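Engineer: Please find one structure pasted underneath; my questions will follow.
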Amino acid sequence: MGPQAASRPRTLSERADELEERMLKELDEKIATKSLLFTLADGTREMEGGAALMAKNPGKYFLMGHDPRLPKMPDKPTLLDFFKYRFAGMPINHLLQSAKLALKAGHGEKVVLACLLHDIGVAGFIRADHGYWGAQLIEPYVDEEVSWAVRAHQALRFFPDEAAGYKYPDAYLKYFGPDYEPEPYIVEEYKRARKHKYYMTARLICVNDIYSFDPNAVVSLDEFVDLIGRNFRQPKEGLGFDNTPSSHMWRTLMWPTRFL
Ligand SMILES: [Fe+2]
Ligand SMILES: [Fe+2]
């Protein structure tokens, strides 16, 4: 940079270049590691040991904090920050559109929040067993009715309840084929859920779950900020640092490539 360039304010693209350079340099100095789960997803059961990775990367230490390839999160992250900096685009649309549908149908705030968070497992974490992961993630921060419903929707969506306005989704016929049958544990979960006092809340997640949704219809998270404020107990220390049974899950989302 010449003396002239130094004296004038940097343009946006110059600042972006500098940021990218700094991020690459940071990563250049550290080794980001993939947990076994990430390689299982590629169909391989392989994980390199620490010594082998160090031998391949002489002079470097393992990454133990923020991964510079990902957006940096605030020190005391909120649910909205996770929506903004971690969760993936398309599943977010799905959540917002489902919540909007529930809102339009005149359901109460717990139902709307349950719809807004029902696939938080998919949006932020993992598809398999996503209802269970999602419920566990939010459990310390929401009414038990909300987390119960998020957990139960995992099973209920495979079983129609025409009286409640829910038929087996056409999308599932397409996704899984006409012969697909849920695992026995899902059948058992369904039977238990039917008798539960919050059954209808979980069922309403399914009813408002949009299966063939419009990728162009944009619902803003802003519409739900007040509702989240009233119904999601944001810890003052930030999600991940508040010592609840799911704090570690939020931290892993925030820093997924730490060595330990
Ligand atoms: Fe789901
Ligand atoms: Fe869904």
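Every chain in the structure tokens takes a letter, A first, then B, and so on in the order presented; its residues are numbered from 1, and the ligands are numbered from 1 following the presented order.
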Quick one: residues within 7 Å of ligand 1, with only C-alpha atoms and all ligand atoms, as an MDAnalysis selection string?

Structural biologist: chainID A and resid 118:119 130:131 153:154

Engineer: Please, which residues have at least one atom within 9 Å of an atom of ligand 2, using only C-alpha atoms and all ligand atoms, listed as a list in words?

Structural biologist: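 Using only C-alpha atoms and all ligand atoms, everything at most 9 Å from ligand 2 comes to Pro91, His94, Leu95, Ser98, Cys115, His118, Asp119, Val122, His153, Ile205, Cys206, Asn208, Asp209, Ile210 and Tyr211 of chain A.
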
Engineer: Write the residues of the preceding selection, restricted to N, CA and C atoms, as a CSV table (one decimal), in the first residue's frame.

Structural biologist:
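Output (again01.csv):
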chain,number,residue,atom,x,y,z
A,91,PRO,N,-33.5,-24.3,5.0
A,91,PRO,CA,-34.2,-24.7,6.1
A,91,PRO,C,-34.8,-23.5,7.0
A,94,HIS,N,-37.9,-22.5,5.4
A,94,HIS,CA,-39.0,-23.5,5.8
A,94,HIS,C,-39.5,-23.2,7.2
A,95,LEU,N,-38.7,-22.9,8.1
A,95,LEU,CA,-39.1,-22.6,9.5
A,95,LEU,C,-40.0,-21.3,9.5
A,98,SER,N,-43.4,-21.9,7.9
A,98,SER,CA,-44.3,-22.7,8.7
A,98,SER,C,-44.8,-21.9,9.9
A,115,CYS,N,-43.5,-24.1,15.8
A,115,CYS,CA,-43.4,-24.2,14.3
A,115,CYS,C,-42.1,-23.5,13.9
A,118,HIS,N,-39.3,-26.0,14.9
A,118,HIS,CA,-39.5,-27.4,14.8
A,118,HIS,C,-38.3,-28.1,14.1
A,119,ASP,N,-37.8,-27.5,13.1
A,119,ASP,CA,-36.6,-28.1,12.3
A,119,ASP,C,-35.3,-27.5,12.6
A,122,VAL,N,-32.5,-29.6,11.9
A,122,VAL,CA,-32.0,-29.7,10.5
A,122,VAL,C,-31.3,-28.4,10.1
A,153,HIS,N,-42.8,-34.2,16.9
A,153,HIS,CA,-43.1,-34.1,15.5
A,153,HIS,C,-42.3,-35.1,14.6
A,205,ILE,N,-47.7,-28.7,14.6
A,205,ILE,CA,-46.4,-28.5,13.9
A,205,ILE,C,-46.5,-29.2,12.5
A,206,CYS,N,-47.1,-30.4,12.5
A,206,CYS,CA,-47.2,-31.2,11.2
A,206,CYS,C,-48.2,-30.5,10.3
A,208,ASN,N,-48.9,-27.4,10.1
A,208,ASN,CA,-48.3,-26.1,9.5
A,208,ASN,C,-47.0,-26.3,8.9
A,209,ASP,N,-46.5,-27.5,8.9
A,209,ASP,CA,-45.2,-27.8,8.3
A,209,ASP,C,-45.4,-27.7,6.8
A,210,ILE,N,-44.7,-26.9,6.1
A,210,ILE,CA,-44.9,-26.7,4.7
A,210,ILE,C,-43.9,-27.6,4.0
A,211,TYR,N,-44.5,-28.6,3.3
A,211,TYR,CA,-43.6,-29.6,2.6
A,211,TYR,C,-43.2,-29.2,1.2

Engineer: If you run DSSP on the backbone here, which positions in segment 93-243 of chain A get alpha helix (DSSP H)? Please write them as an MDAnalysis selection string.

Structural biologist: chainID A and resid 93:104 109:117 120:124 130:138 144:156 170:176 184:194 199:208 225:231

Engineer: I'd like a table as a tab-separated table: residues in segment 110-205 of chain A with an atom no more than 12 Å from segment 222-227 of chain A, each row giving the shortest atom pair and its distance in Å to one decimal, only C-alpha atoms counted, sorted by chain and rising residue number.

Structural biologist:
residue	atom	partner	partner_atom	distance
A:Lys110	CA	A:Leu227	CA	9.2
A:Val111	CA	A:Leu227	CA	11.1
A:Val112	CA	A:Leu227	CA	8.6
A:Leu113	CA	A:Leu227	CA	7.5
A:Ala114	CA	A:Leu227	CA	11.3
A:Cys115	CA	A:Phe224	CA	11.4
A:Leu116	CA	A:Phe224	CA	8.6
A:Leu117	CA	A:Phe224	CA	11.3
A:Val142	CA	A:Leu227	CA	11.8

Engineer: If we count only C-alpha atoms, what is near Glu46 of chain A at a cut-off of 9 Å, once residues fewer than 4 positions away on the same chain are taken out, given as a ChimeraX atom specification?

Structural biologist: /A:36,39-40

Engineer: Would you write out those residues with C-alpha atoms, as an mmCIF file, in the first residue's frame?

Structural biologist:
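Writing the result to selection25.cif gives the following:
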data_model
loop_
_atom_site.group_PDB
_atom_site.id
_atom_site.type_symbol
_atom_site.label_atom_id
_atom_site.label_comp_id
_atom_site.auth_asym_id
_atom_site.auth_seq_id
_atom_site.Cartn_x
_atom_site.Cartn_y
_atom_site.Cartn_z
ATOM 1 C CA LEU A 36 -15.793 -38.460 12.884
ATOM 2 C CA THR A 39 -16.514 -38.201 7.624
ATOM 3 C CA LEU A 40 -19.300 -40.682 8.377
#

Engineer: Residues near segment 48-53 of chain A, anyone? I mean within 9 Å using only C-alpha atoms, not counting same-chain ones fewer than 2 positions away, as a short mmCIF file (atom, residue, chain, number, x, y, z; two decimals) with C-alpha atoms, in the first residue's frame.

Structural biologist:
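Output saved as out.cif:
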data_model
loop_
_atom_site.label_atom_id
_atom_site.label_comp_id
_atom_site.auth_asym_id
_atom_site.auth_seq_id
_atom_site.Cartn_x
_atom_site.Cartn_y
_atom_site.Cartn_z
CA ILE A 31 -5.30 -26.96 11.79
CA THR A 33 -10.25 -30.80 12.34
CA LYS A 34 -13.24 -32.78 11.15
CA GLU A 46 -11.93 -42.55 9.00
CA ALA A 55 3.15 -34.32 10.93
CA LYS A 56 1.28 -33.17 7.83
CA ASN A 57 1.15 -29.57 9.09
CA PRO A 58 4.57 -28.83 10.57
CA PHE A 62 -4.77 -27.21 16.23
CA PHE A 259 -9.70 -30.34 18.04
#

Engineer: Show me, as a tab-separated table, the residues of segment 82-161 of chain A having an atom within 9 Å of segment 70-74 of chain A, each with the closest atom pair and its distance in Å, using only C-alpha atoms.

Structural biologist:
residue	atom	partner	partner_atom	distance
A:Phe82	CA	A:Met73	CA	8.1
A:Tyr85	CA	A:Pro71	CA	5.9
A:Arg86	CA	A:Pro71	CA	7.6

Engineer: May I have the selected residues written with C-alpha atoms, as a PDB file, in the first residue's frame?

Structural biologist:
ATOM      1  CA  PHE A  82     -27.543 -18.441  15.450  1.00  0.00           C
ATOM      2  CA  TYR A  85     -24.584 -16.654  11.462  1.00  0.00           C
ATOM      3  CA  ARG A  86     -24.972 -20.415  11.599  1.00  0.00           C
TER       4      ARG A  86
END

Engineer: Give the strand (DSSP E) residues of segment 1-190 of chain A, as assigned by DSSP on the backbone, as a list in words.

Structural biologist: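 Of segment 1-190 of chain A, only Lys30, Ile31, Tyr61 and Phe62 of chain A fall in strand (DSSP E).
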
Engineer: In terms of the shortest atom-to-atom distance over only C-alpha atoms, which of A:Met200, A:Val146, A:Ile186, A:Arg151 is closest to Gly134 of chain A?

Structural biologist: A:Arg151

Engineer: In Å, rounded to a single decimal, give me how far atom CA of Leu239 of chain A is from atom CA of Phe83 of chain A.

Structural biologist: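 According to the coordinates, atom CA of Phe83 of chain A and atom CA of Leu239 of chain A are separated by 12.4 Å.
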